[in-house]
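Structure first, then comments.
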Amino acid sequence: MFSYSNPTVVCFGQRQFDNIARRPELRRSEKVLLVTGRTAMRKLGYSDQLKKNLSHCEVVEYCSVPANPDIACIAEGIDLARREGITVVVALGGGSSMDAGKAIAFLATQNASLDDYLAGSDVGESVKGLSFIAIPTTSGTGSEVTPWASIWDRDNAKKHSLSDERMFPDCAIIDPSLTLSLPPDITAATGLDALCHAVEAYWSLNSQPISDLLARGAIELIRDHLVGAYLDGSNTEHRDKMSLASLMAGLAFSNTKT
């Protein structure tokens with residue numbers, strides 16, 4: 001006996017980024033919080049392109065996410081979402097941006113504090129978070145289809161993992177063209193991240209037939225395409241397959257954990 005569950009809607013393929021306005025969460029929304037890192041998304045023009053794609057909405061930018069999102073970053077994002085009356089959170093970038101956006105979207109509607117959740121105390125029944133859409137620009141973390149967010153406590157040199165079933169993104173928009181700008185070193189590092197996720201899902205005590213299929217498929221894709229993506233980052237076939245591999249690894253370990 002086994003069970004597999006993942007409620008995130010996946011929109012995969014070239015040009016999916018330009019179709020974001022078709023998502024029902026955004027057709028109903030008047031105010032969107034765009035969560036990104038500090039510079040890369042602006043320099044690459046992705047932030048401006050997303051605002052153009054969402055011209056029917058007011059887009060509030062929160063571009064203060066560090067490489068490893070910390071408590072102060074999440075708390076500031078929660079305050080901004082509440083103050084601005086945000087209805088949908090969109091995270092654009094790597095795993096840090098998606099983890100931050102995921103935590104902000106979930107916690108902005110809760111009565112309990114961020115400290116209460118991180119402490120693991122009994123916070124009672126929580127309500128559903130804000131609608132959340134994840135748009136990865138790397139091929140590695142799988143955060144766009146998992147219910148966890150890593151948050152750092154820099155004062156105490158501790159890493160927390162916030163976890164709740166309601167933190168699954170409503171939608172993951174995976175457009176491999178957004179990974180064409182990745183330099184070779186980040187291509188390699190994020191690709192190996194996806195490989196680790198797939199291998200750990202496969203040998204996990206929680207593995208089951210569906211997660212095994214996804215994990216094996218991801219391992220094979222990474223075997224066949226990571227070196228090619230590293231050597232020629234403009235090769236769309238390698239980028240497509242690495243994006244798919246990262247997604248499949250995320251779908252695998254979203255149920256098995258690592």
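Here's how to read the names in the structure tokens: chain A, B, ... by the order shown, residue numbers from 1 in each chain, ligand numbers from 1 in the order shown.
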
Can I get the residues of stretch 87-111 of chain A within 8 Å of stretch 155-173 of chain A, each with the closest pair of atoms and their distance in Å to one decimal, using only C-alpha atoms, sorted chain first then ascending number, as JSON lines?
```
{"residue": "A:Lys102", "atom": "CA", "partner": "A:Met167", "partner_atom": "CA", "distance": 6.3}
{"residue": "A:Ala103", "atom": "CA", "partner": "A:Met167", "partner_atom": "CA", "distance": 7.4}
{"residue": "A:Phe106", "atom": "CA", "partner": "A:Met167", "partner_atom": "CA", "distance": 6.1}
```

Requested write-out: N, CA, C and O atoms of the selected residues, as a short mmCIF file (atom, residue, chain, number, x, y, z; two decimals), in the first residue's frame:
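Written out: out-v9.cif:
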```cif
data_model
loop_
_atom_site.label_atom_id
_atom_site.label_comp_id
_atom_site.auth_asym_id
_atom_site.auth_seq_id
_atom_site.Cartn_x
_atom_site.Cartn_y
_atom_site.Cartn_z
N LYS A 102 7.13 31.48 -0.42
CA LYS A 102 6.26 30.45 0.15
C LYS A 102 5.94 30.77 1.61
O LYS A 102 4.78 30.69 2.04
N ALA A 103 6.97 31.12 2.39
CA ALA A 103 6.77 31.43 3.80
C ALA A 103 5.93 32.70 3.98
O ALA A 103 5.05 32.76 4.84
N PHE A 106 2.21 32.02 3.13
CA PHE A 106 1.53 31.22 4.14
C PHE A 106 1.33 32.01 5.45
O PHE A 106 0.23 32.00 6.02
#
```

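Across A:Ser234, A:Thr187, A:Asn111, A:Ser29, the tightest approach to A:Val90 is made by A:Ser29 when counting only C-alpha atoms.
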
Please provide the set of residues having any atom within 9 Å of A:Ser126, restricted to only C-alpha atoms, with same-chain residues fewer than 4 positions apart removed, written as a compact mmCIF listing (two decimals) with C-alpha atoms, in the first residue's frame.
```txt
# COMPACT_ATOMS: atom_id res chain seq x y z
CA THR A 109 -2.71 35.25 6.90
CA GLN A 110 -1.92 33.44 10.16
CA ASN A 111 -2.68 34.59 13.70
CA ALA A 112 0.37 32.86 15.18
```

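Residues lying within 12 Å of A:Val59, counting only C-alpha atoms and ignoring same-chain neighbours fewer than 2 positions away, are Leu26, Ser29, Glu30, Lys31, Val32, Leu33, Leu34, Val35, Ser47, Asp48, Gln49, Leu50, Lys51, Lys52, Asn53, Leu54, Ser55, His56, Cys57, Glu61, Tyr62, Ala81, Glu84, Gly85, Ile86, Thr87, Val88, Val89 and Val90 of chain A.
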
Saved selection, atoms kept: N, CA and C atoms, as a PDB file, in the first residue's frame:
```
ATOM      1  N   LEU A  26      -4.460  34.882 -10.781  1.00  0.00           N
ATOM      2  CA  LEU A  26      -4.052  36.233 -11.174  1.00  0.00           C
ATOM      3  C   LEU A  26      -5.149  36.973 -11.934  1.00  0.00           C
ATOM      4  N   SER A  29      -6.935  38.723  -9.266  1.00  0.00           N
ATOM      5  CA  SER A  29      -6.139  39.515  -8.339  1.00  0.00           C
ATOM      6  C   SER A  29      -6.000  40.973  -8.776  1.00  0.00           C
ATOM      7  N   GLU A  30      -5.968  41.845  -7.780  1.00  0.00           N
ATOM      8  CA  GLU A  30      -5.714  43.261  -8.040  1.00  0.00           C
ATOM      9  C   GLU A  30      -4.320  43.679  -7.582  1.00  0.00           C
ATOM     10  N   LYS A  31      -3.755  42.931  -6.632  1.00  0.00           N
ATOM     11  CA  LYS A  31      -2.469  43.335  -6.068  1.00  0.00           C
ATOM     12  C   LYS A  31      -1.587  42.108  -5.852  1.00  0.00           C
ATOM     13  N   VAL A  32      -0.414  42.118  -6.482  1.00  0.00           N
ATOM     14  CA  VAL A  32       0.500  40.988  -6.469  1.00  0.00           C
ATOM     15  C   VAL A  32       1.808  41.402  -5.807  1.00  0.00           C
ATOM     16  N   LEU A  33       2.339  40.529  -4.956  1.00  0.00           N
ATOM     17  CA  LEU A  33       3.661  40.744  -4.378  1.00  0.00           C
ATOM     18  C   LEU A  33       4.664  39.908  -5.157  1.00  0.00           C
ATOM     19  N   LEU A  34       5.637  40.560  -5.786  1.00  0.00           N
ATOM     20  CA  LEU A  34       6.697  39.881  -6.522  1.00  0.00           C
ATOM     21  C   LEU A  34       7.911  39.740  -5.615  1.00  0.00           C
ATOM     22  N   VAL A  35       8.281  38.513  -5.295  1.00  0.00           N
ATOM     23  CA  VAL A  35       9.397  38.225  -4.393  1.00  0.00           C
ATOM     24  C   VAL A  35      10.590  37.742  -5.207  1.00  0.00           C
ATOM     25  N   SER A  47      12.167  40.679 -14.010  1.00  0.00           N
ATOM     26  CA  SER A  47      11.185  41.393 -13.185  1.00  0.00           C
ATOM     27  C   SER A  47      10.325  42.312 -14.040  1.00  0.00           C
ATOM     28  N   ASP A  48      10.967  43.049 -14.934  1.00  0.00           N
ATOM     29  CA  ASP A  48      10.212  43.953 -15.820  1.00  0.00           C
ATOM     30  C   ASP A  48       9.286  43.177 -16.740  1.00  0.00           C
ATOM     31  N   GLN A  49       9.762  42.030 -17.231  1.00  0.00           N
ATOM     32  CA  GLN A  49       8.930  41.226 -18.118  1.00  0.00           C
ATOM     33  C   GLN A  49       7.709  40.694 -17.371  1.00  0.00           C
ATOM     34  N   LEU A  50       7.889  40.277 -16.115  1.00  0.00           N
ATOM     35  CA  LEU A  50       6.747  39.782 -15.361  1.00  0.00           C
ATOM     36  C   LEU A  50       5.730  40.894 -15.119  1.00  0.00           C
ATOM     37  N   LYS A  51       6.214  42.090 -14.792  1.00  0.00           N
ATOM     38  CA  LYS A  51       5.285  43.207 -14.583  1.00  0.00           C
ATOM     39  C   LYS A  51       4.529  43.525 -15.874  1.00  0.00           C
ATOM     40  N   LYS A  52       5.215  43.414 -17.002  1.00  0.00           N
ATOM     41  CA  LYS A  52       4.543  43.621 -18.293  1.00  0.00           C
ATOM     42  C   LYS A  52       3.482  42.552 -18.526  1.00  0.00           C
ATOM     43  N   ASN A  53       3.822  41.302 -18.179  1.00  0.00           N
ATOM     44  CA  ASN A  53       2.875  40.206 -18.355  1.00  0.00           C
ATOM     45  C   ASN A  53       1.666  40.343 -17.431  1.00  0.00           C
ATOM     46  N   LEU A  54       1.837  41.058 -16.320  1.00  0.00           N
ATOM     47  CA  LEU A  54       0.760  41.261 -15.347  1.00  0.00           C
ATOM     48  C   LEU A  54       0.319  42.721 -15.332  1.00  0.00           C
ATOM     49  N   SER A  55       0.209  43.306 -16.497  1.00  0.00           N
ATOM     50  CA  SER A  55      -0.114  44.737 -16.592  1.00  0.00           C
ATOM     51  C   SER A  55      -1.501  45.064 -16.036  1.00  0.00           C
ATOM     52  N   HIS A  56      -2.357  44.049 -15.913  1.00  0.00           N
ATOM     53  CA  HIS A  56      -3.696  44.288 -15.386  1.00  0.00           C
ATOM     54  C   HIS A  56      -3.708  44.345 -13.853  1.00  0.00           C
ATOM     55  N   CYS A  57      -2.587  44.005 -13.224  1.00  0.00           N
ATOM     56  CA  CYS A  57      -2.482  43.999 -11.764  1.00  0.00           C
ATOM     57  C   CYS A  57      -1.532  45.101 -11.299  1.00  0.00           C
ATOM     58  N   GLU A  61       6.927  45.140  -5.564  1.00  0.00           N
ATOM     59  CA  GLU A  61       8.162  44.360  -5.566  1.00  0.00           C
ATOM     60  C   GLU A  61       8.759  44.248  -4.170  1.00  0.00           C
ATOM     61  N   TYR A  62       9.168  43.029  -3.821  1.00  0.00           N
ATOM     62  CA  TYR A  62       9.949  42.787  -2.602  1.00  0.00           C
ATOM     63  C   TYR A  62      11.225  42.088  -3.046  1.00  0.00           C
ATOM     64  N   ALA A  81       3.247  42.408   2.837  1.00  0.00           N
ATOM     65  CA  ALA A  81       2.065  41.774   2.245  1.00  0.00           C
ATOM     66  C   ALA A  81       0.794  42.207   2.969  1.00  0.00           C
ATOM     67  N   GLU A  84       0.055  46.086   2.316  1.00  0.00           N
ATOM     68  CA  GLU A  84      -0.350  46.413   0.944  1.00  0.00           C
ATOM     69  C   GLU A  84      -1.637  45.708   0.522  1.00  0.00           C
ATOM     70  N   GLY A  85      -2.158  44.819   1.348  1.00  0.00           N
ATOM     71  CA  GLY A  85      -3.366  44.107   0.977  1.00  0.00           C
ATOM     72  C   GLY A  85      -3.149  43.151  -0.183  1.00  0.00           C
ATOM     73  N   ILE A  86      -2.037  42.446  -0.168  1.00  0.00           N
ATOM     74  CA  ILE A  86      -1.681  41.525  -1.249  1.00  0.00           C
ATOM     75  C   ILE A  86      -2.641  40.336  -1.280  1.00  0.00           C
ATOM     76  N   THR A  87      -2.986  39.898  -2.495  1.00  0.00           N
ATOM     77  CA  THR A  87      -3.847  38.720  -2.640  1.00  0.00           C
ATOM     78  C   THR A  87      -3.112  37.526  -3.258  1.00  0.00           C
ATOM     79  N   VAL A  88      -2.066  37.787  -4.031  1.00  0.00           N
ATOM     80  CA  VAL A  88      -1.282  36.710  -4.643  1.00  0.00           C
ATOM     81  C   VAL A  88       0.203  37.036  -4.490  1.00  0.00           C
ATOM     82  N   VAL A  89       0.989  36.022  -4.105  1.00  0.00           N
ATOM     83  CA  VAL A  89       2.443  36.162  -4.032  1.00  0.00           C
ATOM     84  C   VAL A  89       3.052  35.374  -5.185  1.00  0.00           C
ATOM     85  N   VAL A  90       3.964  36.020  -5.916  1.00  0.00           N
ATOM     86  CA  VAL A  90       4.682  35.363  -7.011  1.00  0.00           C
ATOM     87  C   VAL A  90       6.170  35.422  -6.683  1.00  0.00           C
TER      88      VAL A  90
END
```

Can you pull out every residue within 7 Å of stretch 205-211 of chain A, counting only C-alpha atoms, but drop anything in the same chain fewer than 5 positions away, and send it as a list in words?
->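 These residues fall inside the cut-off: Phe2, Ala252 and Thr256 of chain A.
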
Just how far from atom CA of A:Ala134 is atom CA of A:Leu107, in Å to one decimal?
-> 16.1 Å

Residue neighbourhood A:Asn68, 10 Å, only C-alpha atoms, exclusion window fewer than 2 positions, as a list in words |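 Selected residues are Gly37, Val65, Pro66, Asp70, Cys73, Gly95, Ser96, Ser97, Asp99, Ala100, Ser150, Ile151, Trp152, Asp153, Arg154 and Lys159 of chain A.
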
Just to be explicit: take each residue in the selection above, keep all heavy atoms, and write the result as an mmCIF file, in the first residue's frame.
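Output file result.cif follows:
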```
data_model
loop_
_atom_site.group_PDB
_atom_site.id
_atom_site.type_symbol
_atom_site.label_atom_id
_atom_site.label_comp_id
_atom_site.auth_asym_id
_atom_site.auth_seq_id
_atom_site.Cartn_x
_atom_site.Cartn_y
_atom_site.Cartn_z
ATOM 1 N N GLY A 37 15.312 37.908 -5.494
ATOM 2 C CA GLY A 37 16.582 38.265 -4.880
ATOM 3 C C GLY A 37 16.879 39.732 -5.121
ATOM 4 O O GLY A 37 16.058 40.475 -5.664
ATOM 5 N N VAL A 65 15.483 39.499 -0.829
ATOM 6 C CA VAL A 65 15.752 38.141 -0.355
ATOM 7 C C VAL A 65 17.244 37.831 -0.507
ATOM 8 O O VAL A 65 17.772 37.864 -1.623
ATOM 9 C CB VAL A 65 14.916 37.112 -1.140
ATOM 10 C CG1 VAL A 65 15.232 35.699 -0.659
ATOM 11 C CG2 VAL A 65 13.427 37.417 -0.998
ATOM 12 N N PRO A 66 17.934 37.514 0.584
ATOM 13 C CA PRO A 66 19.351 37.149 0.493
ATOM 14 C C PRO A 66 19.520 35.717 0.003
ATOM 15 O O PRO A 66 18.534 34.991 -0.206
ATOM 16 C CB PRO A 66 19.832 37.295 1.947
ATOM 17 C CG PRO A 66 18.608 36.997 2.765
ATOM 18 C CD PRO A 66 17.443 37.524 1.968
ATOM 19 N N ASP A 70 16.432 34.783 5.802
ATOM 20 C CA ASP A 70 16.483 34.716 7.263
ATOM 21 C C ASP A 70 15.184 35.232 7.872
ATOM 22 O O ASP A 70 14.263 35.656 7.178
ATOM 23 C CB ASP A 70 17.689 35.496 7.801
ATOM 24 C CG ASP A 70 17.727 36.937 7.330
ATOM 25 O OD1 ASP A 70 16.661 37.478 6.959
ATOM 26 O OD2 ASP A 70 18.818 37.531 7.327
ATOM 27 N N CYS A 73 14.164 38.821 6.982
ATOM 28 C CA CYS A 73 13.660 38.914 5.602
ATOM 29 C C CYS A 73 12.204 38.467 5.515
ATOM 30 O O CYS A 73 11.368 39.147 4.903
ATOM 31 C CB CYS A 73 14.544 38.066 4.687
ATOM 32 S SG CYS A 73 13.805 37.627 3.088
ATOM 33 N N GLY A 95 15.948 28.855 -5.358
ATOM 34 C CA GLY A 95 15.298 28.283 -4.191
ATOM 35 C C GLY A 95 15.076 29.266 -3.065
ATOM 36 O O GLY A 95 14.053 29.192 -2.370
ATOM 37 N N SER A 96 15.991 30.212 -2.870
ATOM 38 C CA SER A 96 15.841 31.169 -1.778
ATOM 39 C C SER A 96 14.619 32.058 -1.983
ATOM 40 O O SER A 96 13.841 32.291 -1.052
ATOM 41 C CB SER A 96 17.101 32.035 -1.652
ATOM 42 O OG SER A 96 18.206 31.248 -1.247
ATOM 43 N N SER A 97 14.428 32.546 -3.205
ATOM 44 C CA SER A 97 13.264 33.392 -3.488
ATOM 45 C C SER A 97 11.976 32.603 -3.331
ATOM 46 O O SER A 97 10.979 33.106 -2.792
ATOM 47 C CB SER A 97 13.351 33.961 -4.909
ATOM 48 O OG SER A 97 14.435 34.848 -5.023
ATOM 49 N N ASP A 99 11.490 29.865 -1.447
ATOM 50 C CA ASP A 99 11.260 29.579 -0.032
ATOM 51 C C ASP A 99 10.730 30.806 0.691
ATOM 52 O O ASP A 99 9.805 30.712 1.503
ATOM 53 C CB ASP A 99 12.560 29.118 0.625
ATOM 54 C CG ASP A 99 12.859 27.641 0.368
ATOM 55 O OD1 ASP A 99 12.135 27.025 -0.435
ATOM 56 O OD2 ASP A 99 13.814 27.122 0.962
ATOM 57 N N ALA A 100 11.307 31.960 0.403
ATOM 58 C CA ALA A 100 10.850 33.192 1.043
ATOM 59 C C ALA A 100 9.414 33.504 0.648
ATOM 60 O O ALA A 100 8.570 33.815 1.500
ATOM 61 C CB ALA A 100 11.771 34.358 0.669
ATOM 62 N N SER A 150 13.142 26.777 3.905
ATOM 63 C CA SER A 150 14.287 26.911 4.806
ATOM 64 C C SER A 150 14.439 28.371 5.218
ATOM 65 O O SER A 150 14.460 29.262 4.361
ATOM 66 C CB SER A 150 15.576 26.435 4.125
ATOM 67 O OG SER A 150 15.501 25.047 3.851
ATOM 68 N N ILE A 151 14.531 28.595 6.518
ATOM 69 C CA ILE A 151 14.669 29.948 7.065
ATOM 70 C C ILE A 151 15.825 29.945 8.058
ATOM 71 O O ILE A 151 15.889 29.092 8.941
ATOM 72 C CB ILE A 151 13.371 30.408 7.763
ATOM 73 C CG1 ILE A 151 12.185 30.354 6.781
ATOM 74 C CG2 ILE A 151 13.525 31.817 8.317
ATOM 75 C CD1 ILE A 151 10.855 30.660 7.426
ATOM 76 N N TRP A 152 16.707 30.917 7.916
ATOM 77 C CA TRP A 152 17.914 30.964 8.746
ATOM 78 C C TRP A 152 17.749 31.937 9.907
ATOM 79 O O TRP A 152 17.238 33.034 9.746
ATOM 80 C CB TRP A 152 19.121 31.365 7.895
ATOM 81 C CG TRP A 152 19.487 30.309 6.903
ATOM 82 C CD1 TRP A 152 18.891 30.075 5.691
ATOM 83 C CD2 TRP A 152 20.500 29.323 7.034
ATOM 84 N NE1 TRP A 152 19.477 29.004 5.061
ATOM 85 C CE2 TRP A 152 20.467 28.518 5.849
ATOM 86 C CE3 TRP A 152 21.450 29.042 8.020
ATOM 87 C CZ2 TRP A 152 21.345 27.457 5.658
ATOM 88 C CZ3 TRP A 152 22.322 27.979 7.815
ATOM 89 C CH2 TRP A 152 22.268 27.198 6.647
ATOM 90 N N ASP A 153 18.213 31.487 11.060
ATOM 91 C CA ASP A 153 18.322 32.336 12.248
ATOM 92 C C ASP A 153 19.795 32.694 12.385
ATOM 93 O O ASP A 153 20.585 31.924 12.921
ATOM 94 C CB ASP A 153 17.826 31.574 13.480
ATOM 95 C CG ASP A 153 17.920 32.395 14.766
ATOM 96 O OD1 ASP A 153 18.531 33.485 14.732
ATOM 97 O OD2 ASP A 153 17.387 31.931 15.792
ATOM 98 N N ARG A 154 20.171 33.852 11.855
ATOM 99 C CA ARG A 154 21.587 34.217 11.808
ATOM 100 C C ARG A 154 22.147 34.507 13.200
ATOM 101 O O ARG A 154 23.326 34.252 13.463
ATOM 102 C CB ARG A 154 21.784 35.424 10.885
ATOM 103 C CG ARG A 154 21.302 35.156 9.459
ATOM 104 C CD ARG A 154 21.819 36.165 8.470
ATOM 105 N NE ARG A 154 21.144 36.033 7.177
ATOM 106 C CZ ARG A 154 21.437 35.088 6.277
ATOM 107 N NH1 ARG A 154 22.378 34.214 6.522
ATOM 108 N NH2 ARG A 154 20.763 35.037 5.133
ATOM 109 N N LYS A 159 19.467 26.773 11.268
ATOM 110 C CA LYS A 159 18.605 26.689 10.096
ATOM 111 C C LYS A 159 17.291 26.013 10.483
ATOM 112 O O LYS A 159 17.292 24.919 11.047
ATOM 113 C CB LYS A 159 19.295 25.898 8.986
ATOM 114 C CG LYS A 159 18.456 25.694 7.733
ATOM 115 C CD LYS A 159 19.208 24.817 6.745
ATOM 116 C CE LYS A 159 18.371 24.519 5.511
ATOM 117 N NZ LYS A 159 19.079 23.617 4.564
#
```

Assign secondary structure with DSSP using the backbone only, and return the residues of stretch 22-205 of chain A in strand (DSSP E or B) as a ChimeraX atom specification.
-> /A:31-37,58-65,70,88-93,131-136,148-153,158-163,171-174

Fewer than 5 positions away in the same chain doesn't count, so skip those; otherwise give me all residues within 9 Å of stretch 220-225 of chain A, counting only C-alpha atoms, as a ChimeraX atom specification.
-> /A:191-192,194-195,215,230,237-239,241-242,244-246

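For the set A:Gly13, A:Pro24, A:Gly233, A:Pro183, the residue with the smallest atom-to-atom gap to A:Leu247 is A:Gly13, counting only C-alpha atoms.
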
Could you tell me which of A:Ala189, A:Leu180, A:Val199, A:Leu114 comes closest to A:Asn235 if we count only C-alpha atoms?
-> A:Leu180

Proximity to A:Thr236 - best of A:Pro184, A:Gly217, A:Pro69, A:Pro176, only C-alpha atoms =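 Counting only C-alpha atoms, the residue closest to A:Thr236 is A:Pro176.
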
Nearest to A:Gly140, chosen from A:Ala201, A:Val10, A:Ile186, A:Ala229, with only C-alpha atoms counted in the distances |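 Of A:Ala201, A:Val10, A:Ile186, A:Ala229, the one nearest A:Gly140 is A:Ile186, counting only C-alpha atoms.
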
Expressed in Å to a single decimal, how great is the separation between atom CA of A:Leu226 and atom CA of A:Leu182?
->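 Distance between the two atoms: 12.6 Å.
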
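Take atom CA of A:Asp193 and atom CA of A:Gly228: the distance between them is 16.5 Å.
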
Quick one: DSSP alpha helix (DSSP H) residues in stretch 53-257 of chain A, as a ChimeraX atom specification?
-> /A:53,71-84,95-107,114-119,184-203,209-231,236-256
